[in-house]
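input.txt (compact mmCIF, C-alpha atoms) appears below.
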```txt
# COMPACT_ATOMS: atom_id res chain seq x y z
CA MET R 17 87.90 88.28 162.36
CA GLU R 18 87.23 91.88 163.42
CA ALA R 19 89.28 91.37 166.59
CA LYS R 20 92.24 90.18 164.50
CA ILE R 21 91.99 93.22 162.25
CA ASN R 22 91.84 95.58 165.25
CA LYS R 23 94.83 93.83 166.82
CA PHE R 24 96.77 94.22 163.57
CA PHE R 25 96.01 97.95 163.35
CA ASP R 26 96.90 98.44 167.03
CA SER R 27 100.24 96.71 166.52
CA VAL R 28 101.01 98.77 163.41
CA GLY R 29 100.02 101.95 165.25
CA SER R 30 102.20 101.16 168.25
CA PHE R 31 105.08 100.29 165.90
CA PHE R 32 105.07 103.76 164.36
CA THR R 33 104.24 105.70 167.53
CA GLY R 34 106.88 103.89 169.56
CA GLY R 35 104.54 103.07 172.45
CA ASP R 36 106.57 102.33 175.55
CA GLN R 37 105.96 101.45 179.19
CA ILE R 38 107.59 104.57 180.64
CA PRO R 39 105.04 106.78 182.40
CA TRP R 40 104.26 110.32 181.31
CA CYS R 41 103.87 113.34 183.55
CA ASP R 42 101.63 116.31 182.77
CA ASP R 43 102.12 120.05 183.28
CA ASP R 44 99.79 120.25 186.30
CA ILE R 45 101.89 117.80 188.30
CA ILE R 46 105.09 119.62 187.35
CA SER R 47 103.58 122.96 188.43
CA GLY R 48 102.52 121.48 191.76
CA ILE R 49 105.98 120.08 192.44
CA GLU R 50 107.59 123.40 191.45
CA ARG R 51 105.43 125.10 194.12
CA GLU R 52 106.47 122.42 196.58
CA VAL R 53 110.16 123.11 195.83
CA ALA R 54 109.65 126.84 196.34
CA GLU R 55 107.83 126.27 199.65
CA SER R 56 110.51 123.93 200.98
CA GLU R 57 113.46 126.35 200.77
CA ALA R 58 113.79 126.54 204.57
CA ASP R 59 114.10 122.76 205.02
CA GLU R 60 117.10 121.45 203.05
CA MET R 61 116.20 117.77 203.34
CA ARG R 62 112.61 118.40 202.21
CA GLN R 63 113.86 120.59 199.38
CA ASN R 64 116.26 117.88 198.15
CA GLU R 65 113.38 115.38 198.07
CA SER R 66 111.18 117.90 196.23
CA ILE R 67 113.92 118.58 193.69
CA MET R 68 114.30 114.85 193.09
CA ARG R 69 110.53 114.55 192.50
CA LEU R 70 110.68 117.55 190.17
CA SER R 71 113.54 115.95 188.22
CA TRP R 72 111.49 112.76 187.91
CA ALA R 73 108.46 114.70 186.67
CA LEU R 74 110.48 116.75 184.18
CA VAL R 75 112.18 113.80 182.47
CA HIS R 76 108.80 112.04 182.23
CA SER R 77 107.15 115.07 180.60
CA LYS R 78 105.85 115.13 177.04
CA ARG R 79 107.35 118.59 176.54
CA PRO R 80 110.95 118.53 175.22
CA GLU R 81 111.90 121.70 177.11
CA HIS R 82 110.86 120.05 180.39
CA VAL R 83 112.90 116.95 179.56
CA GLN R 84 115.98 119.08 178.80
CA ARG R 85 115.50 121.01 182.06
CA GLY R 86 115.24 117.72 183.98
CA ILE R 87 118.43 116.42 182.36
CA ALA R 88 120.27 119.63 183.27
CA MET R 89 119.04 119.47 186.88
CA LEU R 90 120.08 115.84 187.24
CA GLU R 91 123.51 116.35 185.69
CA ALA R 92 124.14 119.35 187.97
CA SER R 93 123.10 117.42 191.07
CA LEU R 94 124.82 114.14 190.23
CA ALA R 95 128.10 115.15 191.89
CA ASN R 96 126.24 116.11 195.08
CA SER R 97 124.66 112.68 195.58
CA SER R 98 125.22 111.59 199.14
CA SER R 99 124.46 107.90 198.76
CA PRO R 100 125.04 105.25 196.09
CA LEU R 101 121.27 104.63 195.95
CA GLN R 102 120.60 108.30 195.25
CA GLN R 103 123.36 108.31 192.62
CA ARG R 104 121.86 105.26 190.93
CA GLU R 105 118.38 106.85 190.91
CA LYS R 106 119.74 110.00 189.28
CA VAL R 107 121.61 108.01 186.63
CA TYR R 108 118.42 106.06 185.89
CA LEU R 109 116.42 109.30 185.57
CA LEU R 110 119.10 110.68 183.26
CA ALA R 111 118.70 107.55 181.12
CA VAL R 112 114.94 108.20 180.97
CA GLY R 113 115.58 111.83 180.03
CA TYR R 114 117.98 110.94 177.26
CA TYR R 115 115.54 108.30 175.99
CA ARG R 116 112.74 110.88 175.91
CA SER R 117 115.00 113.35 174.09
CA GLY R 118 115.92 110.75 171.45
CA ASP R 119 119.56 110.16 172.46
CA TYR R 120 119.18 106.39 172.64
CA SER R 121 122.88 105.53 172.72
CA ARG R 122 123.53 107.79 175.72
CA SER R 123 120.41 106.44 177.40
CA ARG R 124 121.57 102.86 176.86
CA GLN R 125 125.01 103.67 178.33
CA LEU R 126 123.43 105.10 181.47
CA VAL R 127 120.95 102.28 181.96
CA GLU R 128 123.75 99.73 181.55
CA GLN R 129 125.68 101.63 184.22
CA CYS R 130 122.66 101.22 186.51
CA LEU R 131 122.46 97.51 185.76
CA GLN R 132 126.15 97.03 186.58
CA THR R 133 125.50 98.17 190.14
CA ALA R 134 122.04 96.57 190.44
CA PRO R 135 121.56 93.78 187.88
CA ASP R 136 118.13 92.79 189.24
CA TRP R 137 116.66 96.31 189.06
CA ARG R 138 113.41 95.74 187.19
CA GLN R 139 112.85 99.36 186.12
CA ALA R 140 116.29 99.56 184.54
CA GLN R 141 115.77 96.23 182.78
CA VAL R 142 112.47 97.44 181.33
CA LEU R 143 114.07 100.71 180.21
CA LYS R 144 116.94 98.86 178.56
CA LYS R 145 114.50 96.65 176.62
CA THR R 146 112.46 99.72 175.65
CA ILE R 147 115.61 101.46 174.36
CA GLU R 148 116.71 98.40 172.40
CA ASP R 149 113.22 97.97 170.90
CA ARG R 150 113.19 101.64 169.88
CA ILE R 151 116.62 101.39 168.26
CA ALA R 152 115.48 98.29 166.33
CA LYS R 153 112.26 100.02 165.20
CA ASP R 154 114.17 103.09 164.07
CA GLY R 155 116.52 100.85 162.11
CA VAL R 156 113.63 99.07 160.38
CA ILE R 157 111.94 102.36 159.56
CA GLY R 158 115.23 103.75 158.24
CA ILE R 159 115.73 100.73 156.02
CA GLY R 160 112.17 101.09 154.72
CA ILE R 161 112.69 104.77 153.91
CA THR R 162 115.98 104.02 152.15
CA ALA R 163 114.44 101.19 150.14
CA THR R 164 111.55 103.44 149.11
CA ALA R 165 113.91 106.22 148.04
CA VAL R 166 116.03 103.79 146.00
CA GLY R 167 112.86 102.38 144.40
CA LEU R 168 111.63 105.85 143.46
CA ILE R 169 114.98 106.80 141.95
CA ALA R 170 115.18 103.54 140.00
CA GLY R 171 111.59 104.05 138.81
CA GLY R 172 112.41 107.58 137.70
CA ILE R 173 115.45 106.41 135.76
CA ALA R 174 113.45 103.60 134.15
CA ALA R 175 110.69 106.04 133.17
CA ALA R 176 113.26 108.42 131.68
CA PHE R 177 114.76 105.62 129.56
CA ALA R 178 111.29 104.50 128.48
CA ARG R 179 110.48 108.03 127.25
CA LYS R 180 113.73 108.23 125.26
CA LYS R 181 112.88 105.06 123.33
```

As structure tokens - that is how I would like this structure written.
Amino acid sequence: MEAKINKFFDSVGSFFTGGDQIPWCDDDIISGIEREVAESEADEMRQNESIMRLSWALVHSKRPEHVQRGIAMLEASLANSSSPLQQREKVYLLAVGYYRSGDYSRSRQLVEQCLQTAPDWRQAQVLKKTIEDRIAKDGVIGIGITATAVGLIAGGIAAAFARKK
């Protein structure tokens, strides 16, 4: 019985926190990669790889300013992508960044673009499901908030009429 109760509370908690399968990146890793980028200025190929890792880390950060910086870096470098694979990776990372920043419709557009070029790409499929789940949860929460507000207003009106009589 206790296991069922714990499972229920875990599911309710994950419903409201929006638990997803996308990894997080902490500030220490980002700082380390920033040093790596600075040290690799002489070697262009190494620097490009370091910048790509930094972009990955930034869009996976818990800090909104990091996510926005990662999005800006990826958008600026998207035109300079030398290969279709690199282009696809950047579009996927942009989708992650937009998801983390709460722009779910833009994130879904980008992940669908990835899936058009690589329909079997597991990461993109997982991200798409995560986005769709989040949109559905936000819709349910929004409906609940609206219903509560309508109930409170109706209760207030009913109480006002009851006082008049």

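Separating atom CA of R:Leu110 from atom CA of R:Gly86 is a distance of 8.1 Å.
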
- Give the answer as one residue: which of R:Arg62, R:Pro100, R:Tyr114, R:Glu91 has the shortest atom-to-atom distance to R:Val75, using only C-alpha atoms?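 Of R:Arg62, R:Pro100, R:Tyr114, R:Glu91, the one nearest R:Val75, counting only C-alpha atoms, is R:Tyr114.
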
- Item | Separation of atom CA of R:Leu94 from atom CA of R:Ile38 in Å | 21.9 Å

- Message: Using only C-alpha atoms for the distances, tell me which of R:Trp72, R:Trp40, R:Tyr115, R:Phe177 is nearest to R:Ile147.
- Response: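 Closest to R:Ile147 of all the choices is R:Tyr115.
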
- So how many Å separate atom CA of R:Asp42 and atom CA of R:Ala54, to one decimal?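 Atom CA of R:Ala54 lies at a distance of 19.0 Å from atom CA of R:Asp42.
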
- From the list R:Glu105, R:Glu55, R:Glu60, R:Glu148, the nearest residue to R:Ser121 using all atoms listed in the file is R:Glu148
